[in-house]
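Q: I am attaching a structure below and will ask some questions about it afterwards.
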Number of protein chains: 2
Amino acid sequence: MNCIIGQSGGPTSVINSTLAGVINEAIKNDFDKIYLMENGISGFCEGKILEVDKEKFLNKNISDKLKQRPASILGSCRFKLAEDLNDKIYEKIFDRIKKLNIRSFIYIGGNDSMDTVMKLNKYISKHDIKEVNIIGIPKTIDNDLCEIDHSPGFGSAAKYIISTMNNIRADIDIYNLNSVTIVEIMGRNAGWLAASSLISNINRQKQIVNLLYLKEDKKSKDDIIKEIKEAFKEEKNLLIAVSEGFMDKDGYFEKEKEQSFDGGFNHPQLAGIAEKISNFIHDELSVKTRAIELNIIQRTNTLISEVDSNEAFELGARGLLISMEKTNLIPILKRKESKEYEIYYESVNPGLIANKEKIIPEEWLVTRKKLQEKITEYVSPLIQGEIHQEYENGIIKFVNLDEFIKQGKNNV
Amino acid sequence: MNCIIGQSGGPTSVINSTLAGVINEAIKNDFDKIYLMENGISGFCEGKILEVDKEKFLNKNISDKLKQRPASILGSCRFKLAEDLNDKIYEKIFDRIKKLNIRSFIYIGGNDSMDTVMKLNKYISKHDIKEVNIIGIPKTIDNDLCEIDHSPGFGSAAKYIISTMNNIRADIDIYNLNSVTIVEIMGRNAGWLAASSLISNINRQKQIVNLLYLKEDKKSKDDIIKEIKEAFKEEKNLLIAVSEGFMDKDGYFEKEKEQSFDGGFNHPQLAGIAEKISNFIHDELSVKTRAIELNIIQRTNTLISEVDSNEAFELGARGLLISMEKTNLIPILKRKESKEYEIYYESVNPGLIANKEKIIPEEWLVTRKKLQEKITEYVSPLIQGEIHQEYENGIIKFVNLDEFIKQGKNNV
């Protein structure tokens, strides 16, 4: 009984925790060969397949090392499978699955990658294939996956953003002048990460983040100016968090937007809104402005939430267990309606997650105060604890694939 | 016997270690009142003066907490004193010094701030003032201060940059396509920080940073394209470090540069070169490019080098000791010509540091290999150890001024 694991879509800081969870559980359950695909389904098609050395994995404590290592160690892809199940690629994939005698095919990814899981299962169903189960495991920093209470990867990104907002606040406060600093935060069309920055304000003497603009908002450029003028009455150095998906309701910022597209799923790359707002405020109010893009570091950072990492690991383990019996499922997290943070696990059909987006509920957005309360209650449990990082000669040290792969990196 | 301490210029991650060193030494040496100026000399003129509560400082372990807290906790300024010593501001300053009975006036800052120290001492000399000694203590992430082996603040910024380059490399490697990521690194006219990123490559199986462009270089835009094409022969995802001061020798990137100026010393703000190079490469080579500005987080970050922090603390202590006997000096670090890293302390006249810049020696720049060796030898000892950070409910926790100031934040 063999299994194979792949990672797909954008990286997170705990996507390797999930990988560790799958491998660990596969070893426990006596899988013969544990294969890894490089660069997701795209690499699988090209035969870029490695095999885990189980002894090395256990003896060298690779699980812990994978928990410290952000960004998909197996590589990734943004490859969309053909809609037509008669496309030759499906035969190619299932031939390889058969050749490698794969019982469990585990695919870690976001809403795009679950499209892959869904299509492969359609093929299984169409051809009544019994030999392999294909399971997705969720990840994304954007927290835009439906069905799940929160996405693995989101907590660590939020933790980094909240911590970084504190650093930026410490920096901008040093000068005694009027300034506006606009920080652009990832999240695609959902404002979860940008909204999380409001948690920085909790229990502080002064606001860390003064204003927040989300894709979910309907604000005009004049609203922005009005709110900034209002905020300047309270303090000199303003810090504004803006979601990369934000657009003013009149489309003023859209006009000058350059669109570039990102890989096979054709999402527009959204960066650049902070700089536009920064230039606009500078022109309108003649104050010092600065745009900061947190950029890819927010998805590949080493300030990793322990809770997030542990949950990601557990989802990996559960994904493997499910795959031993069933196909076409994704293990998910749910939160109990209890005072203390408590979660439980369920599983759902990939069709409920693939190609869908979850945004912040409208009732949270009534006022910023309400949003701050709701988001704090929601996100705080997810940023608890810090994964210890190893440094060697002052430089952070990441585990390499070579450390737990059979026969170096030779393809299978 | 009273003393006063101020912070000036841009922040660093260890500028508060230096403050801790001064306060600690002032308590040891029985200074009566230890004053702090808010927003440097500019705040001092406005009477923004606080007093340290010595008991609180000692009992609450504030030294350790200041070591964890990046960015000038006292606030800063970019205020240039008049050249004319008859300007009224000097009388105002020295009146206040007299009124507060200040024996030691300690000013922590970079090459601009040492201009302030120099001018105040010219006034002392001109008027034969005996009651106060005015001492500078160096700081800057840019490492562009003359006389000193390396600047406090540089090591922590370098450590952050090296670590972040590792994260970025982990991120960009996940996709199996040709890409160029250009990371813009601070340093004003000196390439020390950008060059430090080369240390990431030491003892690695593969290059973390493929190419480096420094202000000190003389390269044309065609050289850049040629080097990138060459580098693509070796690998698919290229990571380029570029110093914010970099300019191609033909001034191609200069042409479209928007100049904005930063405060009293009129330095141009240098950001934006990464994006220009990114657009240029994209147009020329039709590959995926991405520009990342590490931005102010590199000077206000919480991955603080223990060696850097300890040295900054020690310079603070020595500054205070010098101020008890002499004026017009700056304590500096020198490195012994020994195999193991060892430093000793001297002091120099502010005139040797003020308004001057130290750049990378020409003989280091002969080849990139040479530069990598030299910079590794030079910087490695400065990035050793990590200052432990405290988290509360998952969020990093910084010390507040209120925790060690008399009578809340009322002015003296």
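Here's how to read the names in the structure tokens: chain A, B, ... by the order shown, residue numbers from 1 in each chain, ligand numbers from 1 in the order shown.
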Write out as a ChimeraX atom specification the residues lying within 8 Å of stretch 66-76 of chain B, counting only C-alpha atoms and excluding same-chain residues fewer than 6 positions away.
A: /A:167,170-171,173-176 /B:6-17,19-20,36-40,299-302,304,309,387-389,398-401
Q: When DSSP works through the backbone of this structure, what residues of stretch 52-258 of chain B end up as helix (DSSP H, G or I), shown as JSON, numbers by chain?
A: {"B": [54, 55, 56, 57, 58, 59, 62, 63, 64, 65, 66, 67, 68, 88, 89, 90, 91, 92, 93, 94, 95, 96, 97, 98, 99, 113, 114, 115, 116, 117, 118, 119, 120, 121, 122, 123, 124, 125, 126, 154, 155, 156, 157, 158, 159, 160, 161, 162, 163, 164, 165, 166, 167, 168, 169, 170, 171, 172, 192, 193, 194, 195, 196, 197, 198, 199, 200, 201, 221, 222, 223, 224, 225, 226, 227, 228, 229, 230, 231, 232, 252, 253, 254, 255]}
Q: With only C-alpha atoms as the basis for distance, which of A:Asp95, A:Glu46, A:Glu234, A:Asp112 is at the shortest distance from chain B?
A: A:Glu46
Q: For chain B, which of A:Glu363, A:Asp30, A:Glu314, A:Glu293 is the closest residue, counting only C-alpha atoms?
A: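 Under the stated criterion, the closest residue is A:Glu293.
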Q: Nearest residue to chain A out of B:Ile34, B:Leu315, B:Ile297, B:Ile224, using only C-alpha atoms?
A: B:Ile297
Q: Which distance in Å separates atom CA of A:Lys88 and atom CA of A:Ile5, to one decimal?
A: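 Atom-to-atom, atom CA of A:Lys88 and atom CA of A:Ile5 are spaced 22.2 Å apart.
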Q: Which residue out of A:Ile375, A:Cys77, A:Ile134, A:Ile360 has the minimum interatomic distance to A:Ala190 when only C-alpha atoms are used?
A: A:Ile360
Q: Run DSSP on the backbone and tell me which residues of stretch 149-329 of chain B come out as strand (DSSP E or B); list them as a compact mmCIF listing (two decimals) with C-alpha atoms, in the first residue's frame.
A:
```txt
# COMPACT_ATOMS: atom_id res chain seq x y z
CA SER B 179 11.35 34.28 -12.49
CA VAL B 180 13.37 37.21 -11.23
CA THR B 181 12.76 38.63 -7.75
CA ILE B 182 14.48 41.91 -6.94
CA VAL B 183 14.79 42.88 -3.30
CA GLU B 184 15.55 46.47 -2.44
CA ILE B 185 17.66 46.91 0.66
CA LEU B 211 23.08 38.71 -8.13
CA LEU B 212 23.82 41.88 -6.24
CA TYR B 213 23.80 45.51 -7.35
CA ASN B 237 14.30 31.41 -10.07
CA LEU B 238 16.72 34.29 -9.60
CA LEU B 239 16.97 36.36 -6.46
CA ILE B 240 18.65 39.74 -6.81
CA ALA B 241 19.62 42.05 -3.98
CA VAL B 242 19.84 45.72 -4.87
CA SER B 243 21.01 48.55 -2.67
CA PHE B 261 13.35 64.70 0.31
CA ASP B 262 13.48 63.52 3.83
CA HIS B 267 18.81 63.44 1.78
CA PRO B 268 16.86 62.22 -1.22
CA LYS B 288 7.86 36.87 -14.34
CA THR B 289 9.42 39.55 -12.16
CA ARG B 290 8.63 40.81 -8.69
CA ALA B 291 9.98 43.78 -6.76
CA ILE B 292 10.15 43.62 -2.97
CA GLU B 293 11.09 46.59 -0.83
CA SER B 305 21.40 40.14 17.04
CA LEU B 329 33.91 62.67 22.00
```
Q: Fewer than 5 positions away in the same chain doesn't count, so skip those; otherwise give me all residues within 12 Å of B:Lys233, counting only C-alpha atoms, as a ChimeraX atom specification.
A: /B:178,210,226-228,238
Q: Let's have the selection written as a PDB file, in the first residue's frame, with all heavy atoms.
A:
```
ATOM      1  N   ASN B 178      10.593  30.383 -15.004  1.00  0.00           N
ATOM      2  CA  ASN B 178      11.646  31.390 -14.896  1.00  0.00           C
ATOM      3  C   ASN B 178      11.099  32.629 -14.214  1.00  0.00           C
ATOM      4  O   ASN B 178      10.063  33.166 -14.612  1.00  0.00           O
ATOM      5  CB  ASN B 178      12.155  31.778 -16.288  1.00  0.00           C
ATOM      6  CG  ASN B 178      13.100  30.736 -16.839  1.00  0.00           C
ATOM      7  OD1 ASN B 178      13.828  30.082 -16.094  1.00  0.00           O
ATOM      8  ND2 ASN B 178      13.101  30.568 -18.148  1.00  0.00           N
ATOM      9  N   ASN B 210      21.445  35.376  -6.068  1.00  0.00           N
ATOM     10  CA  ASN B 210      22.191  35.128  -7.308  1.00  0.00           C
ATOM     11  C   ASN B 210      22.995  36.328  -7.765  1.00  0.00           C
ATOM     12  O   ASN B 210      24.115  36.191  -8.260  1.00  0.00           O
ATOM     13  CB  ASN B 210      21.231  34.724  -8.438  1.00  0.00           C
ATOM     14  CG  ASN B 210      20.432  33.495  -8.095  1.00  0.00           C
ATOM     15  OD1 ASN B 210      19.310  33.597  -7.629  1.00  0.00           O
ATOM     16  ND2 ASN B 210      21.021  32.333  -8.279  1.00  0.00           N
ATOM     17  N   LYS B 226      22.723  41.081 -19.268  1.00  0.00           N
ATOM     18  CA  LYS B 226      23.708  40.038 -19.598  1.00  0.00           C
ATOM     19  C   LYS B 226      23.916  39.104 -18.394  1.00  0.00           C
ATOM     20  O   LYS B 226      23.931  37.872 -18.545  1.00  0.00           O
ATOM     21  CB  LYS B 226      25.027  40.726 -19.979  1.00  0.00           C
ATOM     22  CG  LYS B 226      25.910  39.904 -20.894  1.00  0.00           C
ATOM     23  CD  LYS B 226      27.160  40.687 -21.308  1.00  0.00           C
ATOM     24  CE  LYS B 226      28.364  39.788 -21.189  1.00  0.00           C
ATOM     25  NZ  LYS B 226      29.632  40.537 -21.226  1.00  0.00           N
ATOM     26  N   GLU B 227      24.046  39.705 -17.228  1.00  0.00           N
ATOM     27  CA  GLU B 227      24.273  38.892 -16.022  1.00  0.00           C
ATOM     28  C   GLU B 227      23.066  38.021 -15.695  1.00  0.00           C
ATOM     29  O   GLU B 227      23.214  36.888 -15.226  1.00  0.00           O
ATOM     30  CB  GLU B 227      24.626  39.798 -14.841  1.00  0.00           C
ATOM     31  CG  GLU B 227      26.035  40.385 -14.976  1.00  0.00           C
ATOM     32  CD  GLU B 227      26.401  41.329 -13.834  1.00  0.00           C
ATOM     33  OE1 GLU B 227      25.602  41.482 -12.891  1.00  0.00           O
ATOM     34  OE2 GLU B 227      27.507  41.897 -13.881  1.00  0.00           O
ATOM     35  N   ILE B 228      21.883  38.555 -15.921  1.00  0.00           N
ATOM     36  CA  ILE B 228      20.676  37.770 -15.648  1.00  0.00           C
ATOM     37  C   ILE B 228      20.573  36.592 -16.616  1.00  0.00           C
ATOM     38  O   ILE B 228      20.290  35.455 -16.211  1.00  0.00           O
ATOM     39  CB  ILE B 228      19.419  38.661 -15.713  1.00  0.00           C
ATOM     40  CG1 ILE B 228      19.383  39.582 -14.488  1.00  0.00           C
ATOM     41  CG2 ILE B 228      18.144  37.823 -15.779  1.00  0.00           C
ATOM     42  CD1 ILE B 228      18.328  40.644 -14.523  1.00  0.00           C
ATOM     43  N   LEU B 238      15.588  33.452 -10.012  1.00  0.00           N
ATOM     44  CA  LEU B 238      16.723  34.286  -9.600  1.00  0.00           C
ATOM     45  C   LEU B 238      16.302  35.247  -8.504  1.00  0.00           C
ATOM     46  O   LEU B 238      15.214  35.828  -8.535  1.00  0.00           O
ATOM     47  CB  LEU B 238      17.255  35.078 -10.785  1.00  0.00           C
ATOM     48  CG  LEU B 238      17.725  34.265 -11.991  1.00  0.00           C
ATOM     49  CD1 LEU B 238      18.287  35.205 -13.057  1.00  0.00           C
ATOM     50  CD2 LEU B 238      18.774  33.227 -11.588  1.00  0.00           C
TER      51      LEU B 238
END
```
Q: Can you pull out the residues contacting B:Trp192? Cut-off 10 Å, using only C-alpha atoms, and skip same-chain residues under 2 positions away; I want them as a PDB file with N, CA and C atoms, in the first residue's frame.
A:
```pdb
ATOM      1  N   ILE B 141      21.817  51.634  10.887  1.00  0.00           N
ATOM      2  CA  ILE B 141      21.780  50.342  10.196  1.00  0.00           C
ATOM      3  C   ILE B 141      22.657  50.379   8.950  1.00  0.00           C
ATOM      4  N   ASP B 142      22.929  51.575   8.436  1.00  0.00           N
ATOM      5  CA  ASP B 142      23.606  51.698   7.135  1.00  0.00           C
ATOM      6  C   ASP B 142      25.094  51.328   7.186  1.00  0.00           C
ATOM      7  N   ASN B 143      25.661  51.330   8.394  1.00  0.00           N
ATOM      8  CA  ASN B 143      27.090  51.038   8.584  1.00  0.00           C
ATOM      9  C   ASN B 143      27.985  52.014   7.827  1.00  0.00           C
ATOM     10  N   ASP B 144      27.522  53.228   7.643  1.00  0.00           N
ATOM     11  CA  ASP B 144      28.300  54.196   6.855  1.00  0.00           C
ATOM     12  C   ASP B 144      29.082  55.187   7.724  1.00  0.00           C
ATOM     13  N   PHE B 154      23.687  47.909  12.676  1.00  0.00           N
ATOM     14  CA  PHE B 154      23.976  47.267  11.396  1.00  0.00           C
ATOM     15  C   PHE B 154      23.822  45.748  11.490  1.00  0.00           C
ATOM     16  N   ALA B 158      21.370  43.476   9.268  1.00  0.00           N
ATOM     17  CA  ALA B 158      21.950  42.453   8.381  1.00  0.00           C
ATOM     18  C   ALA B 158      21.365  41.083   8.695  1.00  0.00           C
ATOM     19  N   ILE B 185      17.136  46.919  -0.703  1.00  0.00           N
ATOM     20  CA  ILE B 185      17.655  46.906   0.661  1.00  0.00           C
ATOM     21  C   ILE B 185      18.177  48.296   1.012  1.00  0.00           C
ATOM     22  N   MET B 186      17.943  48.727   2.236  1.00  0.00           N
ATOM     23  CA  MET B 186      18.371  50.063   2.665  1.00  0.00           C
ATOM     24  C   MET B 186      19.891  50.190   2.723  1.00  0.00           C
ATOM     25  N   GLY B 187      20.361  51.382   3.054  1.00  0.00           N
ATOM     26  CA  GLY B 187      21.792  51.610   3.217  1.00  0.00           C
ATOM     27  C   GLY B 187      22.264  52.954   2.688  1.00  0.00           C
ATOM     28  N   ARG B 188      21.321  53.772   2.278  1.00  0.00           N
ATOM     29  CA  ARG B 188      21.664  55.071   1.675  1.00  0.00           C
ATOM     30  C   ARG B 188      22.708  54.904   0.570  1.00  0.00           C
ATOM     31  N   ASN B 189      23.818  55.605   0.690  1.00  0.00           N
ATOM     32  CA  ASN B 189      24.816  55.536  -0.385  1.00  0.00           C
ATOM     33  C   ASN B 189      25.799  54.382  -0.224  1.00  0.00           C
ATOM     34  N   ALA B 190      25.657  53.618   0.847  1.00  0.00           N
ATOM     35  CA  ALA B 190      26.614  52.541   1.107  1.00  0.00           C
ATOM     36  C   ALA B 190      25.936  51.187   0.940  1.00  0.00           C
ATOM     37  N   ALA B 194      23.064  45.587   1.667  1.00  0.00           N
ATOM     38  CA  ALA B 194      22.754  44.767   0.482  1.00  0.00           C
ATOM     39  C   ALA B 194      23.830  43.692   0.302  1.00  0.00           C
ATOM     40  N   ALA B 195      25.088  44.082   0.475  1.00  0.00           N
ATOM     41  CA  ALA B 195      26.189  43.115   0.324  1.00  0.00           C
ATOM     42  C   ALA B 195      26.091  42.006   1.370  1.00  0.00           C
ATOM     43  N   SER B 196      25.597  42.347   2.547  1.00  0.00           N
ATOM     44  CA  SER B 196      25.482  41.341   3.612  1.00  0.00           C
ATOM     45  C   SER B 196      24.575  40.187   3.207  1.00  0.00           C
ATOM     46  N   SER B 197      23.666  40.448   2.292  1.00  0.00           N
ATOM     47  CA  SER B 197      22.761  39.379   1.878  1.00  0.00           C
ATOM     48  C   SER B 197      23.525  38.212   1.265  1.00  0.00           C
ATOM     49  N   LEU B 214      25.072  47.223  -6.255  1.00  0.00           N
ATOM     50  CA  LEU B 214      25.408  48.188  -5.213  1.00  0.00           C
ATOM     51  C   LEU B 214      25.604  49.567  -5.813  1.00  0.00           C
ATOM     52  N   LYS B 215      25.368  50.561  -5.023  1.00  0.00           N
ATOM     53  CA  LYS B 215      25.707  51.934  -5.406  1.00  0.00           C
ATOM     54  C   LYS B 215      27.185  52.025  -5.823  1.00  0.00           C
ATOM     55  N   GLU B 216      28.019  51.242  -5.126  1.00  0.00           N
ATOM     56  CA  GLU B 216      29.440  51.278  -5.402  1.00  0.00           C
ATOM     57  C   GLU B 216      29.780  50.695  -6.787  1.00  0.00           C
ATOM     58  N   SER B 243      20.886  47.492  -3.677  1.00  0.00           N
ATOM     59  CA  SER B 243      21.006  48.546  -2.674  1.00  0.00           C
ATOM     60  C   SER B 243      20.164  49.740  -3.114  1.00  0.00           C
ATOM     61  N   LYS B 358      31.095  56.171   5.067  1.00  0.00           N
ATOM     62  CA  LYS B 358      32.052  55.096   4.774  1.00  0.00           C
ATOM     63  C   LYS B 358      31.399  54.104   3.818  1.00  0.00           C
ATOM     64  N   ILE B 359      32.041  53.854   2.695  1.00  0.00           N
ATOM     65  CA  ILE B 359      31.467  52.874   1.766  1.00  0.00           C
ATOM     66  C   ILE B 359      32.347  51.613   1.724  1.00  0.00           C
ATOM     67  N   ILE B 360      31.905  50.610   0.998  1.00  0.00           N
ATOM     68  CA  ILE B 360      32.653  49.351   0.914  1.00  0.00           C
ATOM     69  C   ILE B 360      33.993  49.608   0.218  1.00  0.00           C
ATOM     70  N   ILE B 375      32.813  40.088   2.994  1.00  0.00           N
ATOM     71  CA  ILE B 375      31.644  40.540   3.753  1.00  0.00           C
ATOM     72  C   ILE B 375      31.239  39.477   4.777  1.00  0.00           C
ATOM     73  N   VAL B 379      30.928  40.482   8.494  1.00  0.00           N
ATOM     74  CA  VAL B 379      29.589  40.605   9.096  1.00  0.00           C
ATOM     75  C   VAL B 379      29.211  39.417   9.989  1.00  0.00           C
TER      76      VAL B 379
END
```
Q: Considering only C-alpha atoms, return as a PyMOL selection string whatever protein or nucleic-acid residues lie within 12 Å of B:Gly21, sequence-local ones (same chain, fewer than 6 positions apart) excluded.
A: chain B and resi 5+14-15+27-28+57+62-64+66-67+106+108+137+309-321
Q: Have a look at atom CA of A:Pro350 and atom CA of A:Pro331 and let me know their distance in Å, one decimal.
A: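 Between atom CA of A:Pro350 and atom CA of A:Pro331 the gap is 9.6 Å.
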Q: Suppose you want the space between atom CA of B:Met114 and atom CA of B:Ile330; what is it in Å?
A: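 Value for the atom CA of B:Met114-atom CA of B:Ile330 distance: 8.7 Å.
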